[in-house]
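Content type PDB, C-alpha atoms, from the file target16.pdb:
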```
ATOM      1  CA  MET A   1     258.020  19.192-108.952
ATOM      2  CA  SER A   2     259.774  21.345-106.442
ATOM      3  CA  ALA A   3     263.544  21.650-106.242
ATOM      4  CA  ILE A   4     265.606  21.294-103.080
ATOM      5  CA  TYR A   5     268.833  23.235-102.634
ATOM      6  CA  GLY A   6     271.712  22.087-101.267
ATOM      7  CA  ALA A   7     267.819  23.868 -77.733
ATOM      8  CA  ALA A   8     265.077  21.227 -76.924
ATOM      9  CA  TRP A   9     267.475  19.666 -74.502
ATOM     10  CA  MET A  10     271.095  19.956 -75.481
ATOM     11  CA  ARG A  11     273.806  17.842 -73.878
ATOM     12  CA  ARG A  12     276.903  19.717 -72.785
ATOM     13  CA  PRO A  13     279.921  17.959 -74.341
ATOM     14  CA  SER A  14     281.705  15.994 -71.657
ATOM     15  CA  GLY A  15     285.140  17.116 -72.809
ATOM     16  CA  SER A  16     284.614  20.874 -72.440
ATOM     17  CA  THR A  17     285.072  21.256 -68.671
ATOM     18  CA  PRO A  18     288.532  19.597 -68.395
ATOM     19  CA  ARG A  19     289.811  21.666 -71.298
ATOM     20  CA  VAL A  20     288.618  24.929 -69.781
ATOM     21  CA  VAL A  21     290.019  24.001 -66.364
ATOM     22  CA  SER A  22     293.368  23.281 -67.993
ATOM     23  CA  LEU A  23     293.325  26.645 -69.751
ATOM     24  CA  VAL A  24     292.524  28.460 -66.503
ATOM     25  CA  ARG A  25     295.427  26.740 -64.765
ATOM     26  CA  GLN A  26     297.752  27.733 -67.603
ATOM     27  CA  PHE A  27     296.603  31.321 -67.298
ATOM     28  CA  LEU A  28     297.169  31.425 -63.527
ATOM     29  CA  SER A  29     300.633  29.973 -63.941
ATOM     30  CA  ALA A  30     301.517  32.550 -66.601
ATOM     31  CA  TRP A  31     300.063  35.341 -64.480
ATOM     32  CA  ARG A  32     302.206  34.375 -61.461
ATOM     33  CA  GLU A  33     305.339  34.344 -63.599
ATOM     34  CA  ARG A  34     304.654  37.687 -65.253
ATOM     35  CA  ARG A  35     302.887  39.749 -62.617
ATOM     36  CA  THR A  36     306.095  41.397 -61.362
ATOM     37  CA  ARG A  37     307.431  42.121 -64.810
ATOM     38  CA  ARG A  38     304.613  43.146 -67.110
ATOM     39  CA  SER A  39     300.921  43.725 -67.439
ATOM     40  CA  VAL A  40     298.715  40.678 -67.553
ATOM     41  CA  SER A  41     296.355  42.235 -70.073
ATOM     42  CA  PHE A  42     297.911  40.413 -73.012
ATOM     43  CA  THR A  43     297.864  37.106 -71.162
ATOM     44  CA  GLY A  44     294.243  37.736 -70.194
ATOM     45  CA  LEU A  45     293.395  38.369 -73.819
ATOM     46  CA  LEU A  46     295.022  35.095 -74.783
ATOM     47  CA  LEU A  47     292.976  33.316 -72.143
ATOM     48  CA  CYS A  48     289.730  34.829 -73.403
ATOM     49  CA  ASN A  49     290.532  33.756 -76.956
ATOM     50  CA  ALA A  50     291.475  30.287 -75.797
ATOM     51  CA  LEU A  51     288.245  29.907 -73.833
ATOM     52  CA  ILE A  52     286.193  31.030 -76.820
ATOM     53  CA  LEU A  53     287.973  28.563 -79.086
ATOM     54  CA  ALA A  54     287.542  25.755 -76.578
ATOM     55  CA  PHE A  55     283.823  26.287 -76.290
ATOM     56  CA  ALA A  56     283.434  26.816 -80.027
ATOM     57  CA  ASP A  57     285.230  23.548 -80.763
ATOM     58  CA  GLU A  58     283.034  21.681 -78.321
ATOM     59  CA  ALA A  59     279.842  23.352 -79.520
ATOM     60  CA  LYS A  60     280.665  22.436 -83.077
ATOM     61  CA  ALA A  61     280.515  18.775 -82.105
ATOM     62  CA  GLN A  62     276.758  18.740 -82.437
ATOM     63  CA  CYS A  63     275.672  18.769 -86.077
ATOM     64  CA  THR A  64     278.361  16.905 -88.033
ATOM     65  CA  ALA A  65     277.639  13.354 -89.184
ATOM     66  CA  GLN A  66     280.152  11.833 -86.756
ATOM     67  CA  ASP A  67     278.742  13.745 -83.818
ATOM     68  CA  VAL A  68     275.142  12.972 -84.725
ATOM     69  CA  LEU A  69     276.015   9.282 -84.581
ATOM     70  CA  ARG A  70     277.749   9.812 -81.251
ATOM     71  CA  ASN A  71     274.708  11.663 -79.904
ATOM     72  CA  HIS A  72     272.484   8.775 -80.931
ATOM     73  CA  ARG A  73     274.703   6.389 -78.977
ATOM     74  CA  MET A  74     275.043   8.606 -75.900
ATOM     75  CA  LEU A  75     271.505   9.959 -75.731
ATOM     76  CA  LYS A  76     268.185   8.241 -75.838
ATOM     77  CA  ALA A  77     267.390   7.663 -79.488
ATOM     78  CA  ALA A  78     265.020  10.227 -80.928
ATOM     79  CA  ALA A  79     261.496   9.060 -81.433
ATOM     80  CA  PRO A  80     260.954   9.035 -85.194
ATOM     81  CA  VAL A  81     258.312  11.343 -86.565
ATOM     82  CA  PRO A  82     255.031   9.397 -86.614
ATOM     83  CA  ARG A  83     254.422   7.782 -90.004
ATOM     84  CA  SER A  84     250.737   7.063 -89.459
ATOM     85  CA  GLN A  85     248.616   7.416 -92.582
ATOM     86  CA  ILE A  86     245.349   7.520 -90.653
ATOM     87  CA  PRO A  87     243.294  10.393 -92.113
ATOM     88  CA  VAL A  88     243.147  13.565 -90.046
ATOM     89  CA  SER A  89     239.760  15.239 -89.646
ATOM     90  CA  SER A  90     240.913  18.117 -87.413
ATOM     91  CA  ALA A  91     243.984  19.451 -85.619
ATOM     92  CA  ALA A  92     242.629  17.842 -82.455
ATOM     93  CA  ASP A  93     243.343  14.436 -84.025
ATOM     94  CA  VAL A  94     247.051  15.237 -84.353
ATOM     95  CA  PRO A  95     249.157  14.566 -81.251
ATOM     96  CA  ALA A  96     251.892  17.026 -80.331
ATOM     97  CA  TRP A  97     255.198  15.889 -81.758
ATOM     98  CA  LYS A  98     257.629  18.342 -80.175
ATOM     99  CA  THR A  99     257.610  21.647 -78.324
ATOM    100  CA  ILE A 100     260.410  24.099 -79.081
ATOM    101  CA  ALA A 101     261.253  27.639 -78.029
ATOM    102  CA  ILE A 102     261.375  30.654 -80.321
ATOM    103  CA  GLY A 103     262.336  34.236 -79.533
ATOM    104  CA  THR A 104     265.634  33.175 -77.972
ATOM    105  CA  PHE A 105     267.867  35.310 -80.233
ATOM    106  CA  THR A 106     268.090  39.078 -80.399
ATOM    107  CA  ASP A 107     268.955  39.128 -84.095
ATOM    108  CA  VAL A 108     269.595  36.888 -87.078
ATOM    109  CA  LEU A 109     273.381  37.314 -86.825
ATOM    110  CA  ALA A 110     273.357  35.784 -83.344
ATOM    111  CA  LEU A 111     271.249  32.902 -84.656
ATOM    112  CA  ARG A 112     273.605  32.266 -87.569
ATOM    113  CA  ASN A 113     276.658  32.453 -85.311
ATOM    114  CA  VAL A 114     275.273  29.719 -83.061
ATOM    115  CA  MET A 115     274.379  27.537 -86.049
ATOM    116  CA  SER A 116     277.897  27.996 -87.401
ATOM    117  CA  ALA A 117     279.526  27.254 -84.037
ATOM    118  CA  MET A 118     277.492  24.050 -83.739
ATOM    119  CA  GLY A 119     278.433  22.961 -87.238
ATOM    120  CA  CYS A 120     274.839  22.991 -88.513
ATOM    121  CA  GLU A 121     275.055  23.385 -92.271
ATOM    122  CA  VAL A 122     272.835  25.852 -94.120
ATOM    123  CA  GLY A 123     272.147  25.426 -97.827
ATOM    124  CA  SER A 124     272.601  28.365-100.179
ATOM    125  CA  ALA A 125     268.883  29.061-100.667
ATOM    126  CA  ALA A 126     268.201  28.724 -96.932
ATOM    127  CA  ALA A 127     271.084  31.084 -96.139
ATOM    128  CA  GLU A 128     269.624  33.662 -98.484
ATOM    129  CA  ILE A 129     266.204  33.346 -96.851
ATOM    130  CA  LEU A 130     267.674  33.874 -93.378
ATOM    131  CA  ALA A 131     269.229  37.106 -94.663
ATOM    132  CA  ARG A 132     266.019  38.478 -96.176
ATOM    133  CA  PRO A 133     264.066  41.275 -94.432
ATOM    134  CA  ALA A 134     260.945  39.086 -94.532
ATOM    135  CA  PHE A 135     262.645  36.590 -92.215
ATOM    136  CA  THR A 136     261.988  37.857 -88.699
ATOM    137  CA  LEU A 137     262.506  36.614 -85.153
ATOM    138  CA  SER A 138     260.010  36.718 -82.339
ATOM    139  CA  GLY A 139     260.720  39.431 -79.789
ATOM    140  CA  THR A 140     259.318  37.287 -76.988
ATOM    141  CA  LYS A 141     260.476  33.858 -75.873
ATOM    142  CA  THR A 142     257.593  31.491 -76.542
ATOM    143  CA  ASP A 143     257.097  27.734 -76.517
ATOM    144  CA  VAL A 144     255.494  26.455 -79.715
ATOM    145  CA  GLU A 145     253.828  23.060 -80.109
ATOM    146  CA  LEU A 146     254.700  21.355 -83.383
ATOM    147  CA  LEU A 147     252.463  18.939 -85.265
ATOM    148  CA  THR A 148     253.575  16.632 -88.067
ATOM    149  CA  VAL A 149     251.348  15.243 -90.804
ATOM    150  CA  SER A 150     251.730  13.926 -94.314
ATOM    151  CA  ALA A 151     249.710  15.042 -97.311
ATOM    152  CA  ALA A 152     248.217  11.551 -97.387
ATOM    153  CA  GLN A 153     246.884  12.028 -93.855
ATOM    154  CA  LEU A 154     245.203  15.199 -95.036
ATOM    155  CA  GLY A 155     243.328  13.158 -97.630
ATOM    156  CA  PHE A 156     245.471  13.599-100.739
ATOM    157  CA  GLN A 157     245.790  10.608-103.020
ATOM    158  CA  GLY A 158     248.154   9.736-105.824
ATOM    159  CA  GLU A 159     251.898  10.228-105.786
ATOM    160  CA  THR A 160     252.150  13.995-105.324
ATOM    161  CA  ALA A 161     250.043  16.929-104.183
ATOM    162  CA  SER A 162     250.179  20.683-104.653
ATOM    163  CA  LEU A 163     251.791  22.491-101.741
ATOM    164  CA  THR A 164     249.202  25.275-102.062
ATOM    165  CA  GLU A 165     246.346  22.774-101.742
ATOM    166  CA  ILE A 166     248.061  21.032 -98.826
ATOM    167  CA  TYR A 167     248.368  24.335 -96.962
ATOM    168  CA  ALA A 168     244.738  25.234 -97.644
ATOM    169  CA  ARG A 169     243.419  21.906 -96.390
ATOM    170  CA  ALA A 170     245.700  21.899 -93.336
ATOM    171  CA  GLN A 171     244.453  25.329 -92.319
ATOM    172  CA  ARG A 172     240.812  24.325 -92.832
ATOM    173  CA  LEU A 173     241.426  21.461 -90.402
ATOM    174  CA  GLY A 174     242.856  23.823 -87.804
ATOM    175  CA  LEU A 175     246.603  23.399 -88.333
ATOM    176  CA  GLY A 176     248.579  26.625 -88.347
ATOM    177  CA  LEU A 177     251.362  27.703 -90.664
ATOM    178  CA  ALA A 178     254.669  27.962 -88.830
ATOM    179  CA  PRO A 179     256.610  31.209 -88.407
ATOM    180  CA  ALA A 180     259.780  31.055 -90.506
ATOM    181  CA  GLU A 181     261.852  31.150 -87.295
ATOM    182  CA  ILE A 182     260.618  27.633 -86.517
ATOM    183  CA  ALA A 183     262.950  26.192 -89.177
ATOM    184  CA  PRO A 184     266.359  27.278 -87.788
ATOM    185  CA  GLN A 185     265.153  26.884 -84.199
ATOM    186  CA  LEU A 186     264.061  23.308 -84.898
ATOM    187  CA  ARG A 187     267.420  22.656 -86.555
ATOM    188  CA  LEU A 188     269.199  23.803 -83.389
ATOM    189  CA  GLN A 189     266.840  21.982 -81.025
ATOM    190  CA  TYR A 190     266.581  18.660 -82.890
ATOM    191  CA  LEU A 191     270.128  17.357 -82.693
ATOM    192  CA  ASP A 192     269.210  13.668 -82.694
ATOM    193  CA  GLN A 193     267.260  13.742 -85.948
ATOM    194  CA  PRO A 194     267.301  10.290 -87.578
ATOM    195  CA  ILE A 195     269.325   9.855 -90.748
ATOM    196  CA  GLY A 196     267.212  10.095 -93.876
ATOM    197  CA  GLU A 197     264.522  12.294 -92.342
ATOM    198  CA  PHE A 198     263.425  15.463 -94.151
ATOM    199  CA  LEU A 199     260.865  17.683 -92.423
ATOM    200  CA  ILE A 200     259.218  20.315 -94.623
ATOM    201  CA  ILE A 201     258.240  23.361 -92.598
ATOM    202  CA  GLY A 202     254.667  24.407 -93.375
ATOM    203  CA  MET A 203     255.387  28.128 -93.698
ATOM    204  CA  GLU A 204     254.628  31.042 -95.980
ATOM    205  CA  PRO A 205     257.314  31.131 -98.687
ATOM    206  CA  ILE A 206     259.948  33.869 -98.502
ATOM    207  CA  THR A 207     261.336  35.137-101.790
ATOM    208  CA  THR A 208     265.022  35.247-102.606
ATOM    209  CA  TRP A 209     266.655  38.354-104.060
ATOM    210  CA  ALA A 210     265.854  36.877-107.488
ATOM    211  CA  GLY A 211     262.185  36.485-106.582
ATOM    212  CA  GLU A 212     262.138  32.705-106.041
ATOM    213  CA  PRO A 213     259.637  31.654-103.329
ATOM    214  CA  ILE A 214     261.394  29.353-100.867
ATOM    215  CA  ILE A 215     260.295  27.333 -97.854
ATOM    216  CA  LEU A 216     262.678  25.629 -95.449
ATOM    217  CA  THR A 217     263.360  21.974 -94.686
ATOM    218  CA  VAL A 218     265.089  20.535 -91.602
ATOM    219  CA  ALA A 219     267.041  17.493 -92.737
ATOM    220  CA  ASN A 220     269.568  14.799 -91.947
ATOM    221  CA  GLY A 221     270.654  13.319 -95.247
ATOM    222  CA  GLY A 222     273.476  11.313 -93.675
ATOM    223  CA  ALA A 223     276.240  13.898 -94.018
ATOM    224  CA  GLY A 224     275.160  15.859 -90.956
ATOM    225  CA  LEU A 225     272.343  18.100 -89.812
ATOM    226  CA  ILE A 226     271.337  20.759 -92.308
ATOM    227  CA  LEU A 227     268.769  23.436 -93.097
ATOM    228  CA  ILE A 228     267.888  23.659 -96.779
ATOM    229  CA  GLY A 229     265.540  25.602 -99.014
ATOM    230  CA  GLN A 230     262.846  24.249-101.299
ATOM    231  CA  ASP A 231     261.595  26.146-104.343
ATOM    232  CA  THR A 232     257.803  26.492-104.447
ATOM    233  CA  ARG A 233     257.377  28.130-107.855
ATOM    234  CA  ASP A 234     254.905  27.047-110.535
ATOM    235  CA  GLY A 235     252.472  25.076-108.420
ATOM    236  CA  ALA A 236     255.175  23.050-106.706
ATOM    237  CA  GLU A 237     254.162  19.550-105.667
ATOM    238  CA  ILE A 238     255.601  17.196-103.071
ATOM    239  CA  PRO A 239     255.189  13.426-102.553
ATOM    240  CA  VAL A 240     252.087  12.708-100.479
ATOM    241  CA  THR A 241     254.267  10.691 -98.095
ATOM    242  CA  SER A 242     256.373  13.758 -97.242
ATOM    243  CA  THR A 243     256.207  14.938 -93.635
ATOM    244  CA  LEU A 244     255.237  18.552 -92.993
ATOM    245  CA  VAL A 245     255.582  20.469 -89.752
ATOM    246  CA  PHE A 246     252.756  22.781 -88.700
ATOM    247  CA  VAL A 247     251.987  24.489 -85.392
ATOM    248  CA  ARG A 248     249.040  24.146 -83.087
ATOM    249  CA  PRO A 249     247.416  27.577 -83.043
ATOM    250  CA  THR A 250     247.256  29.201 -79.633
ATOM    251  CA  THR A 251     243.992  30.515 -78.289
ATOM    252  CA  SER A 252     244.050  34.132 -77.168
ATOM    253  CA  PRO A 253     242.799  34.944 -73.640
ATOM    254  CA  ALA A 254     239.856  36.826 -75.171
ATOM    255  CA  ALA A 255     238.880  33.812 -77.289
ATOM    256  CA  GLU A 256     239.158  31.512 -74.282
ATOM    257  CA  ALA A 257     236.925  33.794 -72.239
ATOM    258  CA  ALA A 258     234.387  33.910 -75.052
ATOM    259  CA  ALA A 259     234.383  30.121 -75.311
ATOM    260  CA  LEU A 260     233.828  29.742 -71.556
ATOM    261  CA  ALA A 261     230.958  32.241 -71.662
ATOM    262  CA  LYS A 262     229.039  30.152 -74.205
TER
END
```

Write the structure described by the file as structure tokens, please.
Amino acid sequence: MSAIYGAAWMRRPSGSTPRVVSLVRQFLSAWRERRTRRSVSFTGLLLCNALILAFADEAKAQCTAQDVLRNHRMLKAAAPVPRSQIPVSSAADVPAWKTIAIGTFTDVLALRNVMSAMGCEVGSAAAEILARPAFTLSGTKTDVELLTVSAAQLGFQGETASLTEIYARAQRLGLGLAPAEIAPQLRLQYLDQPIGEFLIIGMEPITTWAGEPIILTVANGGAGLILIGQDTRDGAEIPVTSTLVFVRPTTSPAAEAAALAK
């Protein structure tokens, strides 16, 4: 069995604007008092730091357990990932679950900084994967359509199924493996994830520095929103009821033209 190691639309926190307005007023008051006596550069620096802290504090109120519960109360409850066990015969049978954007960060450091500011936890194995050279970001902003299926829907029976066999069958049916970037982007863009939901990203494993092949899982175990890694060594198997996230492959313009010409 495998081992697990420990924005779609984003609502602007309602408390951020009054705090920033208050800070601006404090700055203006200090500037008026000091403008005839000393440079305002130091006061301006204090203001910049205060604004950064204010926004960071508010942004952090997104991924913690308390804030997830608040988001569920304030926002429309997230539609749970479909649990249908109806067999899938092709990707066309699978409805789109969610569309997210990738290619929105210039580098991994910027991505990690936003995750940290929002309070989204990252497990140790997942953190190592995000730091590996094999983990790359798209250079172009692109919308990606996500599909969710279980191994049971792909026709696997019994209690567990091999991840390798699941991938092979999913691809034969027209489902695409997800770029690794999908995992942290989905974590950032799925802030109202229901408690108890674990979504395994159908992606090529990325090896840790020690050579362990890891895939990523977007989860809400009840203690907050988190991104964790899952070891896929030695023919790793997962329960057939587990939900996997794949992508709907895009058709290139050349392929579309060829199809129309037939």

(request) Would you kindly translate the PyMOL selection byres ((chain A and resi 229-237) around 12) into the concrete residues it picks from this file, as number ranges by chain? (result) A: 1-6, 121-130, 151, 156, 158-167, 180, 183-184, 198-208, 210-219, 226-228, 238-242

(request) Given the file shown, enumerate the residues that the PyMOL selection byres ((chain A and resi 220-222) around 6) captures and present them as an MDAnalysis selection string. (result) chainID A and resid 195:197 219 223:225

(request) Using the chain letters and residue numbers of this document, give as a PyMOL selection string the residues selected by the PyMOL selection byres ((chain A and resi 173) around 10). (result) chain A and resi 88-93+154+167-172+174-176

(request) State, in Å with one decimal place, the distance from CA of Phe135 (chain A) to CA of Val149 (chain A). (result)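 Rounded to one decimal, the two atoms are 24.2 Å apart.
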
(message) I'd like to know which of A:Trp209, A:Arg248, A:Leu137, A:Leu147 is closest to Leu111 (chain A), using all atoms listed in the file.
(response)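 Closest candidate: A:Leu137.
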
(request) Could you jot down the CA of Pro133 (chain A) to CA of Val108 (chain A) separation for me, Å, one decimal place? (result)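 Interatomic distance here is 10.2 Å.
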
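Between Met118 (chain A) and the residues A:Gly155, A:Phe105, A:Val144, A:Thr64, the shortest atom-to-atom distance, using only C-alpha atoms, involves A:Thr64.
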
N, CA and C atoms for region 94-113 of chain A, written as a PDB file, keeping the file's coordinate frame, could you do that?
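Generated file (result.pdb):
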```pdb
ATOM      1  N   VAL A  94     245.596  15.323 -84.174  1.00  0.00           N
ATOM      2  CA  VAL A  94     247.051  15.237 -84.353  1.00  0.00           C
ATOM      3  C   VAL A  94     247.741  15.424 -83.011  1.00  0.00           C
ATOM      4  N   PRO A  95     248.451  14.405 -82.530  1.00  0.00           N
ATOM      5  CA  PRO A  95     249.157  14.566 -81.251  1.00  0.00           C
ATOM      6  C   PRO A  95     250.351  15.511 -81.397  1.00  0.00           C
ATOM      7  N   ALA A  96     250.701  16.162 -80.311  1.00  0.00           N
ATOM      8  CA  ALA A  96     251.892  17.026 -80.331  1.00  0.00           C
ATOM      9  C   ALA A  96     253.112  16.162 -80.587  1.00  0.00           C
ATOM     10  N   TRP A  97     253.962  16.617 -81.485  1.00  0.00           N
ATOM     11  CA  TRP A  97     255.198  15.889 -81.758  1.00  0.00           C
ATOM     12  C   TRP A  97     256.354  16.422 -80.921  1.00  0.00           C
ATOM     13  N   LYS A  98     256.503  17.733 -80.883  1.00  0.00           N
ATOM     14  CA  LYS A  98     257.629  18.342 -80.175  1.00  0.00           C
ATOM     15  C   LYS A  98     257.266  19.782 -79.825  1.00  0.00           C
ATOM     16  N   THR A  99     257.769  20.246 -78.705  1.00  0.00           N
ATOM     17  CA  THR A  99     257.610  21.647 -78.324  1.00  0.00           C
ATOM     18  C   THR A  99     258.984  22.296 -78.311  1.00  0.00           C
ATOM     19  N   ILE A 100     259.128  23.403 -79.027  1.00  0.00           N
ATOM     20  CA  ILE A 100     260.410  24.099 -79.081  1.00  0.00           C
ATOM     21  C   ILE A 100     260.208  25.560 -78.694  1.00  0.00           C
ATOM     22  N   ALA A 101     261.303  26.231 -78.407  1.00  0.00           N
ATOM     23  CA  ALA A 101     261.253  27.639 -78.029  1.00  0.00           C
ATOM     24  C   ALA A 101     261.663  28.516 -79.205  1.00  0.00           C
ATOM     25  N   ILE A 102     260.962  29.626 -79.372  1.00  0.00           N
ATOM     26  CA  ILE A 102     261.375  30.654 -80.321  1.00  0.00           C
ATOM     27  C   ILE A 102     261.549  31.957 -79.545  1.00  0.00           C
ATOM     28  N   GLY A 103     262.109  32.956 -80.213  1.00  0.00           N
ATOM     29  CA  GLY A 103     262.336  34.236 -79.533  1.00  0.00           C
ATOM     30  C   GLY A 103     263.525  34.210 -78.599  1.00  0.00           C
ATOM     31  N   THR A 104     264.471  33.307 -78.845  1.00  0.00           N
ATOM     32  CA  THR A 104     265.634  33.175 -77.972  1.00  0.00           C
ATOM     33  C   THR A 104     266.859  33.921 -78.494  1.00  0.00           C
ATOM     34  N   PHE A 105     266.751  34.563 -79.661  1.00  0.00           N
ATOM     35  CA  PHE A 105     267.867  35.310 -80.233  1.00  0.00           C
ATOM     36  C   PHE A 105     267.457  36.758 -80.465  1.00  0.00           C
ATOM     37  N   THR A 106     268.386  37.657 -80.230  1.00  0.00           N
ATOM     38  CA  THR A 106     268.090  39.078 -80.399  1.00  0.00           C
ATOM     39  C   THR A 106     268.104  39.496 -81.862  1.00  0.00           C
ATOM     40  N   ASP A 107     268.901  38.800 -82.675  1.00  0.00           N
ATOM     41  CA  ASP A 107     268.955  39.128 -84.095  1.00  0.00           C
ATOM     42  C   ASP A 107     269.400  37.912 -84.884  1.00  0.00           C
ATOM     43  N   VAL A 108     269.280  38.016 -86.203  1.00  0.00           N
ATOM     44  CA  VAL A 108     269.595  36.888 -87.078  1.00  0.00           C
ATOM     45  C   VAL A 108     271.084  36.554 -87.040  1.00  0.00           C
ATOM     46  N   LEU A 109     271.939  37.570 -86.880  1.00  0.00           N
ATOM     47  CA  LEU A 109     273.381  37.314 -86.825  1.00  0.00           C
ATOM     48  C   LEU A 109     273.718  36.400 -85.656  1.00  0.00           C
ATOM     49  N   ALA A 110     273.113  36.643 -84.503  1.00  0.00           N
ATOM     50  CA  ALA A 110     273.357  35.784 -83.344  1.00  0.00           C
ATOM     51  C   ALA A 110     272.893  34.362 -83.623  1.00  0.00           C
ATOM     52  N   LEU A 111     271.757  34.227 -84.286  1.00  0.00           N
ATOM     53  CA  LEU A 111     271.249  32.902 -84.656  1.00  0.00           C
ATOM     54  C   LEU A 111     272.209  32.184 -85.583  1.00  0.00           C
ATOM     55  N   ARG A 112     272.686  32.877 -86.609  1.00  0.00           N
ATOM     56  CA  ARG A 112     273.605  32.266 -87.569  1.00  0.00           C
ATOM     57  C   ARG A 112     274.933  31.906 -86.912  1.00  0.00           C
ATOM     58  N   ASN A 113     275.401  32.747 -85.991  1.00  0.00           N
ATOM     59  CA  ASN A 113     276.658  32.453 -85.311  1.00  0.00           C
ATOM     60  C   ASN A 113     276.566  31.159 -84.505  1.00  0.00           C
TER      61      ASN A 113
END
```
